[in-house]
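Colleague: Got a structure for you, questions after.
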Amino acid sequence: MRALVAPVAGAVGFVLLWQLAVWARIADPILLPPPAEAFAETWHAFAAGTLAHDTWRTVERTGLAFLIASAIGVPLGVALGAAERLYRGVEFVVDFFRSTPASALFPLFLILFGPGEGTKIAVAAFGAALVILFNAAYGVINARRTRVLAARIMGATAPRILVDVLIWEALPQILVGMRSGISLALVIVVVAEMFIGSTDGLGHRVINAQMLFESGLMYGVIFVAGALGYLLNLGFLLLEKRFVHWSGR
Amino acid sequence: MTPRETAIAIRGLRKAFGGQPVYSGFDLDVKRGDILGIFGPNGCGKSTLINMAAGLLPKDGGEILYDGREVSEIRVGYVFQNYREALFPWRRAADNIRYPLRRMGLPKAQVEARLTALAERFRVRFDLNRYPYELSGGQQQLVSIMRALAVEPEVLFLDEPFSALDFETTLALRDLLQRVLKDLGITTLLVSHDLEESIVLSDRLLMLTRRPTTVADDVPIVLPWPRAAAALASPDFMALKARCLDVFQRAVAA
Ligand SMILES: Nc1ncnc2c1ncn2[C@@H]1O[C@H](COP(=O)(O)OP(=O)(O)OP(=O)(O)O)[C@@H](O)[C@H]1O
Ligand SMILES: [Mg+2]
């Protein structure tokens, strides 16, 4: 209960500052509508079911991209980490594409996947997969050497060491990678929804609201997108606490 | 069932790191059932020696044979100095101890029987169904020792097993360990930084010099077993300790 006091106070303070800025007429009311108006417009959009649909589409795309990224990134990262020599060989390529802004890849993926759903999900999955792969590989590479030796002396073969020690040692880092991966996937999906022939999704909705001068709604959608990113991150933090209960102890 | 007692024969052992030799033609024989203490200054190669003997580190030359067999052909146990990094924190203490037994392919009933027997032998009074991080340091190292002894090893390796524990815990674990090792007659190589501990726990103490490593002294410790904490004050113990200190000052620290 007490843990909630500070965040709630922060949020209330933020809305209050916003209201003060409106009263002080710092900006044109069309650019900066009062918070109550933003709230009302967002509420209407939700009540009409359209914003809920857009939110769901974004969640769907992000989730799908994340699942594909994890299905590729985790096994490949673990395998590369276990074969460290091999990882050093591909490390530069992984690092390079990990550092490349995903938005720069849209034209290329548009050629490969066409202007439909495929491109949005593929770019997001690509970006997230690299982050997940990189973290999984480093998790395995940084596995505690003593533990590997202990397993070996107890008669574990190399494949058993991978399953019984290396994957567990890497698990905290794998979850960190997944958390960063899903955040990145959300970022890419929202950008893709803005600019790549979309008819739904939060990205589409926010740019539409801007073009129609529905600024109250625009702020509302931005906050929905923010809440989504925040909740995804929080969910993963809780997952990490639960599944790597031994971490740091 | 007690494990078969196995003698160790090391011949012409060689090992170098980056061209710097640690061992160049090292010989050693260990009698069956003996506890061999290995004492020497930092970096003289104590861990290197037992890691090569345990098959964790490749040797450059020479041979280490157990009753004529390679280390891969015998059952060994190894207790690491850092129990925090040696136990599997994602497994409960009991599952840590079961692990080597499962790797041996023992049927479930036998695994449980051995676990129970070990817990009795070591008079375990804490809950083995806890995770290692829920146990004290001494309890964790005890779990490591039980895990190493679970397979009924022919040879046991201990690399400074008590150096991370406080004095009281060390005394308690020393008592337990010597009783069990002598009961089972397991040939043991024990590396220790603590001269007193090396004497108390060994049948024979090997004192090593700085690199290039040679044997400064090979001291038979003829004190009766078991050696309780009171043995630390006996005249025989004092005499042995004085001799070892003398060797240490002349050969090791020189
Ligand atoms: N992997 C390695 N690469 C290079 N040098 C090493 C390596 N392992 C050990 N050495 C060197 O070999 C020597 C012996 O190391 P070892 O760990 O066996 O010493 P030790 O007697 O166990 O020391 P300590 O009392 O500090 O545990 C040391 O000088 C160390 O620097
Ligand atoms: Mg050492």
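Lettering and numbering for the structure tokens are positional, with chains as A, B, ... in the shown order, residues counted from 1 in each chain, and ligands counted from 1 in the shown order.
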Skip Ala65 of chain A itself and residues of its chain fewer than 4 positions away, then list as a list in words all residues within 10 Å of it, counting only C-alpha atoms.
Modeller: Val59, Glu60, Arg61, Ala69, Ser70, Ala71, Gly118, Lys120, Ile121, Ala122, Val123, Ala124, Ala125, Phe126, Gly127, Ala128, Ala129, Gly181, Ile182, Ala185, Leu186, Ile188 and Val189 of chain A
Colleague: Could you list the residues in chain A lying within 12 Å of chain B, using only C-alpha atoms, and format the result as JSON, numbers by chain?
Modeller: {"A": [143, 144, 145, 146, 147, 148, 149, 150, 151, 152, 153, 154, 155, 156, 157, 160, 161, 164, 165, 166, 167, 168, 169, 170, 171, 172, 242, 243, 244, 245, 246, 247, 248, 249]}
Colleague: Which residues in segment 23-103 of chain B does DSSP call strand (DSSP E or B)? List them as a ChimeraX atom specification.
Modeller: /B:23-30,35-39,61-66,69,76-79
Colleague: Where does chain B meet ligand 2 within 8 Å, residue by residue, with the nearest atom pair and distance in Å to one decimal for each, counting only C-alpha atoms and all ligand atoms, listed by chain and rising number, as JSON lines?
Modeller:
```
{"residue": "B:Asn42", "atom": "CA", "partner": "ligand 2", "partner_atom_place_in_ligand_line": "1 (Mg)", "distance": 7.2}
{"residue": "B:Gly43", "atom": "CA", "partner": "ligand 2", "partner_atom_place_in_ligand_line": "1 (Mg)", "distance": 6.9}
{"residue": "B:Gly45", "atom": "CA", "partner": "ligand 2", "partner_atom_place_in_ligand_line": "1 (Mg)", "distance": 7.0}
{"residue": "B:Lys46", "atom": "CA", "partner": "ligand 2", "partner_atom_place_in_ligand_line": "1 (Mg)", "distance": 5.6}
{"residue": "B:Ser47", "atom": "CA", "partner": "ligand 2", "partner_atom_place_in_ligand_line": "1 (Mg)", "distance": 4.1}
{"residue": "B:Thr48", "atom": "CA", "partner": "ligand 2", "partner_atom_place_in_ligand_line": "1 (Mg)", "distance": 7.2}
{"residue": "B:Asp159", "atom": "CA", "partner": "ligand 2", "partner_atom_place_in_ligand_line": "1 (Mg)", "distance": 6.7}
{"residue": "B:Glu160", "atom": "CA", "partner": "ligand 2", "partner_atom_place_in_ligand_line": "1 (Mg)", "distance": 7.4}
{"residue": "B:Val191", "atom": "CA", "partner": "ligand 2", "partner_atom_place_in_ligand_line": "1 (Mg)", "distance": 7.7}
```
Colleague: Could you list, as a VMD selection string, every residue within 12 Å of segment 164-176 of chain B, counting only C-alpha atoms and ignoring same-chain residues fewer than 2 positions away?
Modeller: chain B and resid 80 to 84 118 to 124 136 to 146 159 to 162 178 to 183 190 192 to 194 196 to 202 225 to 232
Colleague: When you count only C-alpha atoms, which of these residues is closest to Gly40 of chain B: B:Leu245, B:Leu208, B:Leu240, B:Leu189?
Modeller: B:Leu208
Colleague: Extract, using only C-alpha atoms, all DNA, RNA and protein residues at most 12 Å from Val78 of chain A, discarding same-chain residues fewer than 2 positions from it, and format them as a PyMOL selection string.
Modeller: chain A and resi 70-76+80-84+86-87+132-143+162-163+165-171+173-174
Colleague: Which residues are near segment 12-19 of chain B? Cut-off 12 Å, only C-alpha atoms, ignore same chain within fewer than 5 positions. Put them as a list in words.
Modeller: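 The residues that qualify are Ser24, Gly25, Phe26, Asp27, Leu28, Asp29, Gly43, Cys44, Gly45, Thr48, Leu49, Ile50, Asn51, Met52, Ala53, Leu57, Pro58, Lys59, Asp60, Gly61, Gly62, Glu63, Ile64, Leu65, Arg211, Pro212, Thr213 and Thr214 of chain B.
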Colleague: Write out as an MDAnalysis selection string each polymer residue whose atoms come within 12 Å of Asp200 of chain A, counting only C-alpha atoms; drop sequence neighbours fewer than 6 positions from it.
Modeller: chainID A and resid 50:61 116:117 189:190 192:194 206:208
Colleague: Okay, now the selection with C-alpha atoms, as a compact mmCIF listing (two decimals), in the first residue's frame?
Modeller:
```txt
# COMPACT_ATOMS: atom_id res chain seq x y z
CA THR A 50 -12.41 1.56 -31.44
CA LEU A 51 -9.50 2.44 -29.17
CA ALA A 52 -9.78 -0.91 -27.39
CA HIS A 53 -9.53 -2.56 -30.80
CA ASP A 54 -6.48 -0.48 -31.72
CA THR A 55 -4.82 -1.31 -28.42
CA TRP A 56 -5.54 -4.98 -28.91
CA ARG A 57 -4.07 -4.93 -32.45
CA THR A 58 -0.87 -3.38 -31.17
CA VAL A 59 -0.67 -5.92 -28.35
CA GLU A 60 -1.28 -8.71 -30.85
CA ARG A 61 1.46 -7.57 -33.22
CA GLY A 116 0.89 -5.78 -45.15
CA GLU A 117 1.14 -7.18 -41.65
CA VAL A 189 5.33 -1.96 -34.03
CA VAL A 190 3.98 1.48 -33.06
CA ALA A 192 5.33 0.72 -38.25
CA GLU A 193 1.64 1.32 -37.56
CA MET A 194 2.18 5.04 -38.16
CA VAL A 206 -2.13 8.54 -32.70
CA ILE A 207 -1.11 9.87 -36.10
CA ASN A 208 -4.75 9.94 -37.21
```
Colleague: For each of B:Leu158, B:Leu149, B:Asn96, B:Glu73, take the minimum atom-to-atom distance to Asn129 of chain B, counting only C-alpha atoms, then give the residue where this is smallest.
Modeller: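 Checking each candidate against Asn129 of chain B, we get B:Asn96 as the closest.
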Colleague: Among segment 110-182 of chain B, which residues carry a DSSP assignment of helix (DSSP H, G or I), reported as number ranges by chain?
Modeller: B: 110-121, 132-134, 137-150, 167-182
Colleague: With distances taken over only C-alpha atoms, which residue among B:Ile35, B:Leu205, B:Ala117, B:Leu106 lies nearest Lys241 of chain B?
Modeller: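 Counting only C-alpha atoms, the residue closest to Lys241 of chain B is B:Leu205.
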Colleague: From the list B:Ile97, B:Val22, B:Ala9, B:Ile186, which residue is nearest ligand 1 when using only C-alpha atoms and all ligand atoms?
Modeller: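 Among the listed residues, the smallest separation from ligand 1 belongs to B:Val22.
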Colleague: B:Ala7, B:Ala113, B:Leu195, B:Val222: which is nearest Met207 of chain B, counting only C-alpha atoms?
Modeller: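 Smallest separation from Met207 of chain B among the options: B:Leu195.
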Colleague: Hey, what's within 8 Å of segment 7-23 of chain A if we count only C-alpha atoms and toss same-chain stuff fewer than 4 positions away? As a PyMOL selection string, please?
Modeller: chain A and resi 3+27+29+32-35
